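Student: Structure file run-v4.pdb (PDB, C-alpha atoms and all ligand atoms) is given on the next line.
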```
ATOM      1  CA  MET A  18      -2.700  15.767 -47.634  1.00  0.00           C
ATOM      2  CA  THR A  19      -5.061  16.902 -44.944  1.00  0.00           C
ATOM      3  CA  ASP A  20      -4.585  20.547 -44.126  1.00  0.00           C
ATOM      4  CA  ILE A  21      -5.130  20.437 -40.386  1.00  0.00           C
ATOM      5  CA  ASN A  22      -4.588  24.167 -39.973  1.00  0.00           C
ATOM      6  CA  SER A  23      -7.233  25.234 -42.413  1.00  0.00           C
ATOM      7  CA  ASN A  24      -9.638  22.494 -41.303  1.00  0.00           C
ATOM      8  CA  LEU A  25      -9.330  23.672 -37.717  1.00  0.00           C
ATOM      9  CA  GLU A  26      -9.904  27.233 -38.736  1.00  0.00           C
ATOM     10  CA  LYS A  27     -12.975  26.222 -40.690  1.00  0.00           C
ATOM     11  CA  VAL A  28     -14.418  24.103 -37.878  1.00  0.00           C
ATOM     12  CA  ILE A  29     -13.879  26.844 -35.313  1.00  0.00           C
ATOM     13  CA  SER A  30     -15.550  29.418 -37.487  1.00  0.00           C
ATOM     14  CA  GLN A  31     -18.484  27.044 -38.035  1.00  0.00           C
ATOM     15  CA  ILE A  32     -18.761  26.611 -34.271  1.00  0.00           C
ATOM     16  CA  ARG A  33     -18.766  30.399 -33.770  1.00  0.00           C
ATOM     17  CA  MET A  34     -21.435  30.792 -36.456  1.00  0.00           C
ATOM     18  CA  ALA A  35     -23.568  28.064 -34.911  1.00  0.00           C
ATOM     19  CA  GLU A  36     -23.268  29.743 -31.499  1.00  0.00           C
ATOM     20  CA  LYS A  37     -24.348  32.993 -33.013  1.00  0.00           C
ATOM     21  CA  SER A  38     -27.328  31.690 -34.945  1.00  0.00           C
ATOM     22  CA  ALA A  39     -28.495  29.710 -31.902  1.00  0.00           C
ATOM     23  CA  GLY A  40     -28.317  32.842 -29.772  1.00  0.00           C
ATOM     24  CA  ARG A  41     -25.557  31.345 -27.660  1.00  0.00           C
ATOM     25  CA  LYS A  42     -22.781  33.384 -26.142  1.00  0.00           C
ATOM     26  CA  GLU A  43     -19.671  33.587 -28.306  1.00  0.00           C
ATOM     27  CA  GLY A  44     -17.061  31.140 -27.081  1.00  0.00           C
ATOM     28  CA  SER A  45     -19.506  29.110 -25.002  1.00  0.00           C
ATOM     29  CA  VAL A  46     -18.726  25.915 -26.946  1.00  0.00           C
ATOM     30  CA  LYS A  47     -15.402  24.171 -26.425  1.00  0.00           C
ATOM     31  CA  LEU A  48     -13.821  22.045 -29.124  1.00  0.00           C
ATOM     32  CA  VAL A  49     -12.376  18.626 -28.348  1.00  0.00           C
ATOM     33  CA  ALA A  50     -10.247  17.663 -31.346  1.00  0.00           C
ATOM     34  CA  VAL A  51     -10.636  13.895 -31.670  1.00  0.00           C
ATOM     35  CA  SER A  52      -7.263  12.541 -32.752  1.00  0.00           C
ATOM     36  CA  LYS A  53      -7.972   8.820 -32.530  1.00  0.00           C
ATOM     37  CA  PHE A  54      -6.309   6.800 -35.285  1.00  0.00           C
ATOM     38  CA  HIS A  55      -4.187   9.796 -36.226  1.00  0.00           C
ATOM     39  CA  PRO A  56      -0.507   9.985 -35.334  1.00  0.00           C
ATOM     40  CA  ALA A  57       1.248  12.143 -32.764  1.00  0.00           C
ATOM     41  CA  GLN A  58       2.364  14.435 -35.588  1.00  0.00           C
ATOM     42  CA  ALA A  59      -1.250  15.347 -36.328  1.00  0.00           C
ATOM     43  CA  VAL A  60      -1.780  16.353 -32.700  1.00  0.00           C
ATOM     44  CA  ILE A  61       1.421  18.388 -32.723  1.00  0.00           C
ATOM     45  CA  LYS A  62       0.277  20.168 -35.852  1.00  0.00           C
ATOM     46  CA  ALA A  63      -3.101  21.001 -34.369  1.00  0.00           C
ATOM     47  CA  TYR A  64      -1.421  22.222 -31.203  1.00  0.00           C
ATOM     48  CA  GLY A  65       0.723  24.492 -33.322  1.00  0.00           C
ATOM     49  CA  ALA A  66      -2.475  25.897 -34.782  1.00  0.00           C
ATOM     50  CA  GLY A  67      -3.754  26.764 -31.334  1.00  0.00           C
ATOM     51  CA  GLN A  68      -5.743  23.652 -30.382  1.00  0.00           C
ATOM     52  CA  ALA A  69      -4.858  22.387 -26.905  1.00  0.00           C
ATOM     53  CA  LEU A  70      -7.781  20.080 -26.073  1.00  0.00           C
ATOM     54  CA  PHE A  71      -7.882  16.594 -27.583  1.00  0.00           C
ATOM     55  CA  GLY A  72     -10.052  13.507 -27.365  1.00  0.00           C
ATOM     56  CA  GLU A  73      -9.129   9.852 -27.710  1.00  0.00           C
ATOM     57  CA  ASN A  74     -11.315   6.808 -27.385  1.00  0.00           C
ATOM     58  CA  ARG A  75      -8.768   4.066 -26.777  1.00  0.00           C
ATOM     59  CA  VAL A  76      -6.581   4.284 -23.728  1.00  0.00           C
ATOM     60  CA  GLN A  77      -3.685   2.246 -25.081  1.00  0.00           C
ATOM     61  CA  GLU A  78      -3.432   4.303 -28.229  1.00  0.00           C
ATOM     62  CA  ALA A  79      -3.817   7.560 -26.311  1.00  0.00           C
ATOM     63  CA  LYS A  80      -1.173   6.585 -23.784  1.00  0.00           C
ATOM     64  CA  ALA A  81       1.448   5.801 -26.398  1.00  0.00           C
ATOM     65  CA  LYS A  82       0.652   8.886 -28.434  1.00  0.00           C
ATOM     66  CA  PHE A  83       0.414  11.425 -25.649  1.00  0.00           C
ATOM     67  CA  GLU A  84       3.417  10.097 -23.754  1.00  0.00           C
ATOM     68  CA  GLU A  85       5.391  10.483 -26.956  1.00  0.00           C
ATOM     69  CA  ILE A  86       4.171  14.043 -27.433  1.00  0.00           C
ATOM     70  CA  ARG A  87       4.711  15.039 -23.825  1.00  0.00           C
ATOM     71  CA  THR A  88       8.228  13.625 -23.863  1.00  0.00           C
ATOM     72  CA  GLU A  89       9.110  15.306 -27.125  1.00  0.00           C
ATOM     73  CA  HIS A  90       7.460  18.576 -26.153  1.00  0.00           C
ATOM     74  CA  PRO A  91       7.516  18.997 -22.381  1.00  0.00           C
ATOM     75  CA  ASP A  92       6.560  22.648 -22.884  1.00  0.00           C
ATOM     76  CA  PHE A  93       3.191  21.759 -24.434  1.00  0.00           C
ATOM     77  CA  SER A  94       0.155  22.260 -22.258  1.00  0.00           C
ATOM     78  CA  LEU A  95      -2.194  19.609 -23.629  1.00  0.00           C
ATOM     79  CA  ASP A  96      -5.544  18.541 -22.245  1.00  0.00           C
ATOM     80  CA  LEU A  97      -6.920  15.112 -22.982  1.00  0.00           C
ATOM     81  CA  HIS A  98     -10.421  13.740 -22.677  1.00  0.00           C
ATOM     82  CA  ILE A  99     -11.122  10.030 -22.865  1.00  0.00           C
ATOM     83  CA  ILE A 100     -14.331   9.694 -24.872  1.00  0.00           C
ATOM     84  CA  GLY A 101     -14.609   5.981 -25.662  1.00  0.00           C
ATOM     85  CA  SER A 102     -16.138   3.179 -23.674  1.00  0.00           C
ATOM     86  CA  LEU A 103     -13.723   2.197 -20.995  1.00  0.00           C
ATOM     87  CA  GLN A 104     -12.865  -1.213 -19.616  1.00  0.00           C
ATOM     88  CA  ARG A 105     -12.099  -1.412 -15.954  1.00  0.00           C
ATOM     89  CA  ASN A 106      -8.549  -2.633 -16.483  1.00  0.00           C
ATOM     90  CA  LYS A 107      -7.783   0.476 -18.568  1.00  0.00           C
ATOM     91  CA  VAL A 108      -8.806   2.942 -15.885  1.00  0.00           C
ATOM     92  CA  LYS A 109      -5.397   2.990 -14.218  1.00  0.00           C
ATOM     93  CA  ASP A 110      -3.743   4.327 -17.366  1.00  0.00           C
ATOM     94  CA  ALA A 111      -6.710   6.499 -18.290  1.00  0.00           C
ATOM     95  CA  VAL A 112      -6.622   8.543 -15.094  1.00  0.00           C
ATOM     96  CA  LYS A 113      -2.892   9.089 -15.481  1.00  0.00           C
ATOM     97  CA  ILE A 114      -3.087  10.591 -18.960  1.00  0.00           C
ATOM     98  CA  ALA A 115      -6.469  12.338 -18.993  1.00  0.00           C
ATOM     99  CA  ASN A 116      -8.000  15.456 -17.454  1.00  0.00           C
ATOM    100  CA  CYS A 117     -11.527  14.251 -18.016  1.00  0.00           C
ATOM    101  CA  ILE A 118     -13.275  10.957 -18.673  1.00  0.00           C
ATOM    102  CA  GLU A 119     -16.375  11.693 -20.716  1.00  0.00           C
ATOM    103  CA  SER A 120     -17.563   8.120 -21.065  1.00  0.00           C
ATOM    104  CA  VAL A 121     -18.527   7.149 -17.525  1.00  0.00           C
ATOM    105  CA  ASP A 122     -21.448   4.789 -17.896  1.00  0.00           C
ATOM    106  CA  ARG A 123     -21.574   2.584 -14.792  1.00  0.00           C
ATOM    107  CA  LEU A 124     -20.916   2.533 -11.088  1.00  0.00           C
ATOM    108  CA  GLU A 125     -18.164  -0.068 -11.392  1.00  0.00           C
ATOM    109  CA  LEU A 126     -16.194   2.422 -13.466  1.00  0.00           C
ATOM    110  CA  ILE A 127     -16.717   5.209 -10.941  1.00  0.00           C
ATOM    111  CA  GLU A 128     -15.429   2.940  -8.174  1.00  0.00           C
ATOM    112  CA  GLU A 129     -12.348   2.058 -10.183  1.00  0.00           C
ATOM    113  CA  ILE A 130     -11.671   5.681 -11.171  1.00  0.00           C
ATOM    114  CA  GLU A 131     -11.873   6.664  -7.504  1.00  0.00           C
ATOM    115  CA  LYS A 132      -9.519   3.866  -6.498  1.00  0.00           C
ATOM    116  CA  GLN A 133      -6.905   4.653  -9.138  1.00  0.00           C
ATOM    117  CA  CYS A 134      -7.091   8.415  -8.587  1.00  0.00           C
ATOM    118  CA  ALA A 135      -6.721   7.975  -4.836  1.00  0.00           C
ATOM    119  CA  LYS A 136      -3.550   5.943  -5.451  1.00  0.00           C
ATOM    120  CA  ILE A 137      -1.883   8.745  -7.351  1.00  0.00           C
ATOM    121  CA  GLY A 138      -3.495  11.610  -5.456  1.00  0.00           C
ATOM    122  CA  LYS A 139      -5.245  13.049  -8.481  1.00  0.00           C
ATOM    123  CA  LYS A 140      -8.730  14.463  -8.878  1.00  0.00           C
ATOM    124  CA  ILE A 141     -10.361  13.917 -12.226  1.00  0.00           C
ATOM    125  CA  GLU A 142     -13.332  15.390 -14.028  1.00  0.00           C
ATOM    126  CA  ILE A 143     -16.007  13.100 -15.397  1.00  0.00           C
ATOM    127  CA  LEU A 144     -19.058  13.292 -17.589  1.00  0.00           C
ATOM    128  CA  PHE A 145     -21.843  10.752 -17.413  1.00  0.00           C
ATOM    129  CA  GLU A 146     -22.422   9.190 -20.799  1.00  0.00           C
ATOM    130  CA  LEU A 147     -26.099   8.816 -21.627  1.00  0.00           C
ATOM    131  CA  HIS A 148     -27.540   6.307 -24.015  1.00  0.00           C
ATOM    132  CA  THR A 149     -29.871   8.372 -26.181  1.00  0.00           C
ATOM    133  CA  GLY A 150     -29.559   6.905 -29.683  1.00  0.00           C
ATOM    134  CA  GLU A 151     -30.950   3.488 -30.400  1.00  0.00           C
ATOM    135  CA  GLU A 152     -27.865   2.027 -31.984  1.00  0.00           C
ATOM    136  CA  SER A 153     -25.141   3.211 -29.669  1.00  0.00           C
ATOM    137  CA  LYS A 154     -24.202   0.540 -27.180  1.00  0.00           C
ATOM    138  CA  SER A 155     -22.677   2.644 -24.466  1.00  0.00           C
ATOM    139  CA  GLY A 156     -24.045   5.011 -21.880  1.00  0.00           C
ATOM    140  CA  TYR A 157     -26.436   4.887 -18.937  1.00  0.00           C
ATOM    141  CA  ALA A 158     -29.702   3.611 -20.358  1.00  0.00           C
ATOM    142  CA  ASP A 159     -31.948   4.158 -17.386  1.00  0.00           C
ATOM    143  CA  GLU A 160     -32.363   7.113 -15.120  1.00  0.00           C
ATOM    144  CA  ASN A 161     -32.575   5.206 -11.857  1.00  0.00           C
ATOM    145  CA  THR A 162     -29.168   3.655 -12.338  1.00  0.00           C
ATOM    146  CA  LEU A 163     -27.768   7.027 -13.317  1.00  0.00           C
ATOM    147  CA  GLU A 164     -29.355   8.694 -10.325  1.00  0.00           C
ATOM    148  CA  ASP A 165     -27.933   6.059  -7.999  1.00  0.00           C
ATOM    149  CA  SER A 166     -24.399   6.745  -9.288  1.00  0.00           C
ATOM    150  CA  ILE A 167     -24.867  10.485  -8.958  1.00  0.00           C
ATOM    151  CA  ARG A 168     -26.322  10.182  -5.463  1.00  0.00           C
ATOM    152  CA  ARG A 169     -23.266   8.260  -4.276  1.00  0.00           C
ATOM    153  CA  ILE A 170     -21.019  10.997  -5.602  1.00  0.00           C
ATOM    154  CA  ALA A 171     -23.179  13.667  -3.989  1.00  0.00           C
ATOM    155  CA  GLU A 172     -22.915  11.784  -0.697  1.00  0.00           C
ATOM    156  CA  GLY A 173     -19.166  12.059  -0.852  1.00  0.00           C
ATOM    157  CA  GLN A 174     -18.282   8.418  -1.542  1.00  0.00           C
ATOM    158  CA  PHE A 175     -15.897   9.384  -4.347  1.00  0.00           C
ATOM    159  CA  PRO A 176     -13.815  12.368  -3.258  1.00  0.00           C
ATOM    160  CA  HIS A 177     -11.443  12.212  -6.249  1.00  0.00           C
ATOM    161  CA  ILE A 178     -14.224  12.555  -8.782  1.00  0.00           C
ATOM    162  CA  ILE A 179     -15.452  15.932  -9.998  1.00  0.00           C
ATOM    163  CA  THR A 180     -18.694  15.806 -11.936  1.00  0.00           C
ATOM    164  CA  LYS A 181     -18.926  18.245 -14.833  1.00  0.00           C
ATOM    165  CA  GLY A 182     -21.980  17.137 -16.786  1.00  0.00           C
ATOM    166  CA  PHE A 183     -23.168  14.748 -19.447  1.00  0.00           C
ATOM    167  CA  MET A 184     -22.090  13.314 -22.773  1.00  0.00           C
ATOM    168  CA  THR A 185     -24.015  11.590 -25.502  1.00  0.00           C
ATOM    169  CA  MET A 186     -23.635  10.283 -29.021  1.00  0.00           C
ATOM    170  CA  ALA A 187     -26.570  10.727 -31.365  1.00  0.00           C
ATOM    171  CA  PRO A 188     -27.542   7.933 -33.743  1.00  0.00           C
ATOM    172  CA  ASN A 189     -25.517   7.870 -36.935  1.00  0.00           C
ATOM    173  CA  THR A 190     -28.288   8.823 -39.336  1.00  0.00           C
ATOM    174  CA  ASP A 191     -29.298  11.531 -41.801  1.00  0.00           C
ATOM    175  CA  ASP A 192     -32.586  11.852 -39.970  1.00  0.00           C
ATOM    176  CA  THR A 193     -31.866  15.144 -38.242  1.00  0.00           C
ATOM    177  CA  GLU A 194     -34.988  14.936 -36.094  1.00  0.00           C
ATOM    178  CA  ARG A 195     -33.761  11.728 -34.495  1.00  0.00           C
ATOM    179  CA  VAL A 196     -30.369  13.311 -33.947  1.00  0.00           C
ATOM    180  CA  ARG A 197     -31.961  16.361 -32.358  1.00  0.00           C
ATOM    181  CA  LYS A 198     -34.147  14.203 -30.135  1.00  0.00           C
ATOM    182  CA  SER A 199     -31.085  12.503 -28.787  1.00  0.00           C
ATOM    183  CA  PHE A 200     -29.475  15.832 -27.839  1.00  0.00           C
ATOM    184  CA  VAL A 201     -32.695  17.146 -26.329  1.00  0.00           C
ATOM    185  CA  GLN A 202     -32.964  14.013 -24.211  1.00  0.00           C
ATOM    186  CA  CYS A 203     -29.443  14.520 -22.909  1.00  0.00           C
ATOM    187  CA  ARG A 204     -30.176  18.141 -22.036  1.00  0.00           C
ATOM    188  CA  GLU A 205     -33.412  17.227 -20.304  1.00  0.00           C
ATOM    189  CA  ILE A 206     -31.782  14.568 -18.160  1.00  0.00           C
ATOM    190  CA  ARG A 207     -29.140  17.129 -17.224  1.00  0.00           C
ATOM    191  CA  GLY A 208     -31.937  19.470 -16.172  1.00  0.00           C
ATOM    192  CA  LYS A 209     -33.545  16.827 -13.977  1.00  0.00           C
ATOM    193  CA  MET A 210     -30.307  15.812 -12.306  1.00  0.00           C
ATOM    194  CA  ALA A 211     -29.264  19.420 -11.778  1.00  0.00           C
ATOM    195  CA  GLU A 212     -32.531  19.976  -9.965  1.00  0.00           C
ATOM    196  CA  LYS A 213     -32.085  16.903  -7.781  1.00  0.00           C
ATOM    197  CA  PHE A 214     -28.429  17.543  -7.034  1.00  0.00           C
ATOM    198  CA  PRO A 215     -27.901  21.294  -6.976  1.00  0.00           C
ATOM    199  CA  GLU A 216     -24.616  20.826  -5.115  1.00  0.00           C
ATOM    200  CA  LEU A 217     -22.992  19.165  -8.150  1.00  0.00           C
ATOM    201  CA  ASP A 218     -21.634  20.822 -11.271  1.00  0.00           C
ATOM    202  CA  PHE A 219     -23.451  19.666 -14.405  1.00  0.00           C
ATOM    203  CA  SER A 220     -22.543  22.650 -16.546  1.00  0.00           C
ATOM    204  CA  GLU A 221     -21.069  20.688 -19.455  1.00  0.00           C
ATOM    205  CA  LEU A 222     -23.018  18.982 -22.218  1.00  0.00           C
ATOM    206  CA  SER A 223     -20.706  17.117 -24.579  1.00  0.00           C
ATOM    207  CA  MET A 224     -22.696  16.433 -27.720  1.00  0.00           C
ATOM    208  CA  GLY A 225     -22.032  16.725 -31.420  1.00  0.00           C
ATOM    209  CA  MET A 226     -19.457  15.269 -33.810  1.00  0.00           C
ATOM    210  CA  SER A 227     -18.336  16.206 -37.336  1.00  0.00           C
ATOM    211  CA  GLY A 228     -21.699  15.405 -38.874  1.00  0.00           C
ATOM    212  CA  ASP A 229     -24.071  16.839 -36.299  1.00  0.00           C
ATOM    213  CA  PHE A 230     -22.356  19.492 -34.186  1.00  0.00           C
ATOM    214  CA  LYS A 231     -24.475  22.368 -35.455  1.00  0.00           C
ATOM    215  CA  ILE A 232     -27.637  20.673 -34.218  1.00  0.00           C
ATOM    216  CA  ALA A 233     -25.885  19.894 -30.936  1.00  0.00           C
ATOM    217  CA  ILE A 234     -24.967  23.546 -30.470  1.00  0.00           C
ATOM    218  CA  GLU A 235     -28.573  24.556 -31.139  1.00  0.00           C
ATOM    219  CA  GLU A 236     -29.599  22.137 -28.405  1.00  0.00           C
ATOM    220  CA  GLY A 237     -27.156  23.426 -25.821  1.00  0.00           C
ATOM    221  CA  ALA A 238     -23.836  21.595 -26.297  1.00  0.00           C
ATOM    222  CA  THR A 239     -20.932  23.191 -24.425  1.00  0.00           C
ATOM    223  CA  ILE A 240     -18.421  20.668 -25.790  1.00  0.00           C
ATOM    224  CA  VAL A 241     -18.294  19.298 -29.328  1.00  0.00           C
ATOM    225  CA  ARG A 242     -16.054  16.343 -30.190  1.00  0.00           C
ATOM    226  CA  ILE A 243     -14.802  16.627 -33.741  1.00  0.00           C
ATOM    227  CA  GLY A 244     -12.388  14.316 -35.500  1.00  0.00           C
ATOM    228  CA  THR A 245     -12.928  13.783 -39.209  1.00  0.00           C
ATOM    229  CA  ALA A 246     -13.604  17.430 -40.067  1.00  0.00           C
ATOM    230  CA  ILE A 247     -10.214  18.348 -38.594  1.00  0.00           C
ATOM    231  CA  PHE A 248      -7.908  15.392 -39.195  1.00  0.00           C
ATOM    232  CA  GLY A 249      -9.561  13.768 -42.199  1.00  0.00           C
ATOM    233  CA  GLU A 250     -10.864  10.249 -42.598  1.00  0.00           C
ATOM    234  CA  ARG A 251      -9.565   7.592 -40.255  1.00  0.00           C
ATOM    235  CA  ASN A 252      -7.936   4.433 -41.531  1.00  0.00           C
ATOM    236  CA  TYR A 253      -9.507   1.453 -39.879  1.00  0.00           C
ATOM    237  CA  GLY A 254     -11.908  -1.367 -40.288  1.00  0.00           C
ATOM    238  CA  GLU A 255     -15.572  -1.449 -39.447  1.00  0.00           C
ATOM    239  CA  ASN A 256     -17.492  -0.672 -36.275  1.00  0.00           C
ATOM    240  CA  GLU A 257     -16.049   2.670 -35.396  1.00  0.00           C
ATOM    241  CA  ARG A 258     -17.474   6.107 -35.895  1.00  0.00           C
TER     242      ARG A 258
HETATM  243  C1  LIG B 301     -14.708   9.279 -32.976  1.00  0.00           C
HETATM  244  C2  LIG B 301     -15.580   9.976 -32.027  1.00  0.00           C
HETATM  245  C3  LIG B 301     -15.947  11.319 -32.238  1.00  0.00           C
HETATM  246  C4  LIG B 301     -15.540  12.115 -33.458  1.00  0.00           C
HETATM  247  O1  LIG B 301     -16.209  11.679 -34.582  1.00  0.00           O
HETATM  248  P1  LIG B 301     -16.083  12.426 -36.015  1.00  0.00           P
HETATM  249  O2  LIG B 301     -17.281  11.999 -36.740  1.00  0.00           O
HETATM  250  O3  LIG B 301     -14.814  11.961 -36.631  1.00  0.00           O
HETATM  251  O4  LIG B 301     -16.058  13.891 -35.759  1.00  0.00           O
HETATM  252  C5  LIG B 301     -16.739  11.925 -31.274  1.00  0.00           C
HETATM  253  N1  LIG B 301     -17.149  11.262 -30.172  1.00  0.00           N
HETATM  254  C6  LIG B 301     -16.824   9.984 -29.929  1.00  0.00           C
HETATM  255  C7  LIG B 301     -17.303   9.321 -28.689  1.00  0.00           C
HETATM  256  C8  LIG B 301     -16.034   9.299 -30.844  1.00  0.00           C
HETATM  257  O5  LIG B 301     -15.709   8.017 -30.599  1.00  0.00           O
END
```
How does this structure look as structure tokens?
Tutor:
Amino acid sequence: MTDINSNLEKVISQIRMAEKSAGRKEGSVKLVAVSKFHPAQAVIKAYGAGQALFGENRVQEAKAKFEEIRTEHPDFSLDLHIIGSLQRNKVKDAVKIANCIESVDRLELIEEIEKQCAKIGKKIEILFELHTGEESKSGYADENTLEDSIRRIAEGQFPHIITKGFMTMAPNTDDTERVRKSFVQCREIRGKMAEKFPELDFSELSMGMSGDFKIAIEEGATIVRIGTAIFGERNYGENER
């Protein structure tokens, strides 16, 4: 049996140590506990251990799970980030259940998020996902396209969208230099965009997973997304990380 309590404790202390050794302020890195493929009970357990922020990459799964939890425990104050690549027809449900969509990677998605948020009178936080590792398929791959999306937001075309920063996934490799390069690239693009659009909030950098979060923290991550190290291995087929 996975001991979620002790895993959480361990992960949080590793985050604090990584902050410290990187000269970062204590508590400057937030933990998104990635509960994908794990049942509602696992989320409830983690919540009981003090974890209130969760990440899911599939909207349908997240909707079922979090509606169940919120119905069973209306007193819980849970935050949910959507971290997986998002199809347009899933946006309607995504904006209802989530506080933040970390995987915004194209203008079409921004337009749909705006439309669905306007319908329900909700403002939502977003991160721009950047393609920095060769083998990941998702994320903005070129800066001009990214800049165009950001400019439209800065111009006020999407009043229900609150920019918070950037997200990336490093390549899944033991080559730590390639992993680091991916995080550095994300941070550098943030720097450029923050200079061009000083009116927008780009304070968050969501980078780092179970296998690489220490490097991510060294390179400036403010959010780490950790699943396996907390909830254990996931049961599924191929093609997921
Ligand atoms: C699954 C997933 C994670 C967590 O991965 P672990 O290796 O289990 O920590 C983080 N980010 C994204 C986008 C994911 O899909």
Student: Which one of A:Gly101, A:Gly150, A:Pro215, A:Pro176 sits closest to ligand LIG 301 (chain B) if you count only C-alpha atoms and all ligand atoms?
Tutor: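 Checking each of A:Gly101, A:Gly150, A:Pro215, A:Pro176 against ligand LIG 301 (chain B), counting only C-alpha atoms and all ligand atoms, the winner is A:Gly101.
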Student: Collect all residues with atoms no farther than 6 Å from ligand LIG 301 (chain B), counting all atoms listed in the file, and output them as a list in words.
Tutor: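 With all atoms listed in the file and a cut-off of 6 Å, ligand LIG 301 (chain B) is contacted by Val51, Asn74, Ile100, Gly101, Met226, Ser227, Gly228, Arg242, Ile243, Gly244, Thr245 and Arg258 of chain A.
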Student: Save out the residues we just selected, C-alpha atoms, as a PDB file, keeping the file's coordinate frame.
Tutor:
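Writing the result to result01.pdb gives the following:
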```pdb
ATOM      1  CA  VAL A  51     -10.636  13.895 -31.670  1.00  0.00           C
ATOM      2  CA  ASN A  74     -11.315   6.808 -27.385  1.00  0.00           C
ATOM      3  CA  ILE A 100     -14.331   9.694 -24.872  1.00  0.00           C
ATOM      4  CA  GLY A 101     -14.609   5.981 -25.662  1.00  0.00           C
ATOM      5  CA  MET A 226     -19.457  15.269 -33.810  1.00  0.00           C
ATOM      6  CA  SER A 227     -18.336  16.206 -37.336  1.00  0.00           C
ATOM      7  CA  GLY A 228     -21.699  15.405 -38.874  1.00  0.00           C
ATOM      8  CA  ARG A 242     -16.054  16.343 -30.190  1.00  0.00           C
ATOM      9  CA  ILE A 243     -14.802  16.627 -33.741  1.00  0.00           C
ATOM     10  CA  GLY A 244     -12.388  14.316 -35.500  1.00  0.00           C
ATOM     11  CA  THR A 245     -12.928  13.783 -39.209  1.00  0.00           C
ATOM     12  CA  ARG A 258     -17.474   6.107 -35.895  1.00  0.00           C
TER      13      ARG A 258
END
```
Student: Given the choices A:Glu85, A:Asp218, A:Asp20, A:Glu36, which gets closest to Ala171 (chain A) if the distance is worked out from all atoms listed in the file?
Tutor: A:Asp218
Student: Rank nothing, just name the residue among A:Glu73, A:Glu151, A:Glu212, A:Glu84 nearest to Ile118 (chain A), using only C-alpha atoms.
Tutor: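 The closest residue to Ile118 (chain A) is A:Glu73.
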Student: Can you list what the PyMOL selection byres (((chain A and resi 199-202) around 8) and not hetatm) grabs from this structure, as a short mmCIF file (atom, residue, chain, number, x, y, z; two decimals) with C-alpha atoms, in the frame of the given file?
Tutor:
```
data_model
loop_
_atom_site.label_atom_id
_atom_site.label_comp_id
_atom_site.auth_asym_id
_atom_site.auth_seq_id
_atom_site.Cartn_x
_atom_site.Cartn_y
_atom_site.Cartn_z
CA THR A 149 -29.87 8.37 -26.18
CA GLY A 150 -29.56 6.90 -29.68
CA THR A 185 -24.02 11.59 -25.50
CA MET A 186 -23.64 10.28 -29.02
CA ALA A 187 -26.57 10.73 -31.36
CA PRO A 188 -27.54 7.93 -33.74
CA ARG A 195 -33.76 11.73 -34.49
CA VAL A 196 -30.37 13.31 -33.95
CA ARG A 197 -31.96 16.36 -32.36
CA LYS A 198 -34.15 14.20 -30.14
CA CYS A 203 -29.44 14.52 -22.91
CA ARG A 204 -30.18 18.14 -22.04
CA GLU A 205 -33.41 17.23 -20.30
CA ILE A 206 -31.78 14.57 -18.16
CA MET A 224 -22.70 16.43 -27.72
CA ALA A 233 -25.88 19.89 -30.94
CA GLU A 236 -29.60 22.14 -28.40
#
```
Student: Any idea what's packed within 10 Å of Arg169 (chain A), counting only C-alpha atoms, ignoring anything in its chain fewer than 6 positions away? Could you give it as a compact mmCIF listing (two decimals) with C-alpha atoms, in the frame of the given file?
Tutor:
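Output (out.txt):
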```txt
# COMPACT_ATOMS: atom_id res chain seq x y z
CA LEU A 124 -20.92 2.53 -11.09
CA ILE A 127 -16.72 5.21 -10.94
CA PHE A 175 -15.90 9.38 -4.35
```
Student: Show which residues sit within 10 Å of Val108 (chain A), as a PDB file with C-alpha atoms, in the coordinates of the input. Count only C-alpha atoms, and ignore same-chain residues fewer than 2 positions away.
Tutor:
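Once written, out-v7.pdb looks like this:
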```pdb
ATOM      1  CA  VAL A  76      -6.581   4.284 -23.728  1.00  0.00           C
ATOM      2  CA  LEU A 103     -13.723   2.197 -20.995  1.00  0.00           C
ATOM      3  CA  GLN A 104     -12.865  -1.213 -19.616  1.00  0.00           C
ATOM      4  CA  ARG A 105     -12.099  -1.412 -15.954  1.00  0.00           C
ATOM      5  CA  ASN A 106      -8.549  -2.633 -16.483  1.00  0.00           C
ATOM      6  CA  ASP A 110      -3.743   4.327 -17.366  1.00  0.00           C
ATOM      7  CA  ALA A 111      -6.710   6.499 -18.290  1.00  0.00           C
ATOM      8  CA  VAL A 112      -6.622   8.543 -15.094  1.00  0.00           C
ATOM      9  CA  LYS A 113      -2.892   9.089 -15.481  1.00  0.00           C
ATOM     10  CA  ILE A 118     -13.275  10.957 -18.673  1.00  0.00           C
ATOM     11  CA  LEU A 126     -16.194   2.422 -13.466  1.00  0.00           C
ATOM     12  CA  ILE A 127     -16.717   5.209 -10.941  1.00  0.00           C
ATOM     13  CA  GLU A 129     -12.348   2.058 -10.183  1.00  0.00           C
ATOM     14  CA  ILE A 130     -11.671   5.681 -11.171  1.00  0.00           C
ATOM     15  CA  GLU A 131     -11.873   6.664  -7.504  1.00  0.00           C
ATOM     16  CA  LYS A 132      -9.519   3.866  -6.498  1.00  0.00           C
ATOM     17  CA  GLN A 133      -6.905   4.653  -9.138  1.00  0.00           C
ATOM     18  CA  CYS A 134      -7.091   8.415  -8.587  1.00  0.00           C
TER      19      CYS A 134
END
```
Student: Taking the file as shown, what set of residues would the PyMOL selection byres (((chain A and resi 121) around 6) and not hetatm) give back, as a PyMOL selection string?
Tutor: chain A and resi 119-120+122+145-146
Student: In Å, with one decimal, what is the gap from CA of Lys139 (chain A) to CA of Glu125 (chain A)?
Tutor: 18.6 Å
Student: Using only C-alpha atoms, which of the listed residues (A:Thr239, A:Thr193, A:Asn252, A:Thr88) sits closest to Gly44 (chain A)?
Tutor: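 Among the listed residues, the smallest separation from Gly44 (chain A) belongs to A:Thr239.
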Student: For the provided coordinates, the residues matched by the PyMOL selection byres (((chain A and resi 148) around 6) and not hetatm) should be stated as a list of chain:residue names.
Tutor: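 After applying the PyMOL selection byres (((chain A and resi 148) around 6) and not hetatm), what remains is A:Leu147, A:Thr149, A:Gly156, A:Tyr157, A:Ala158.
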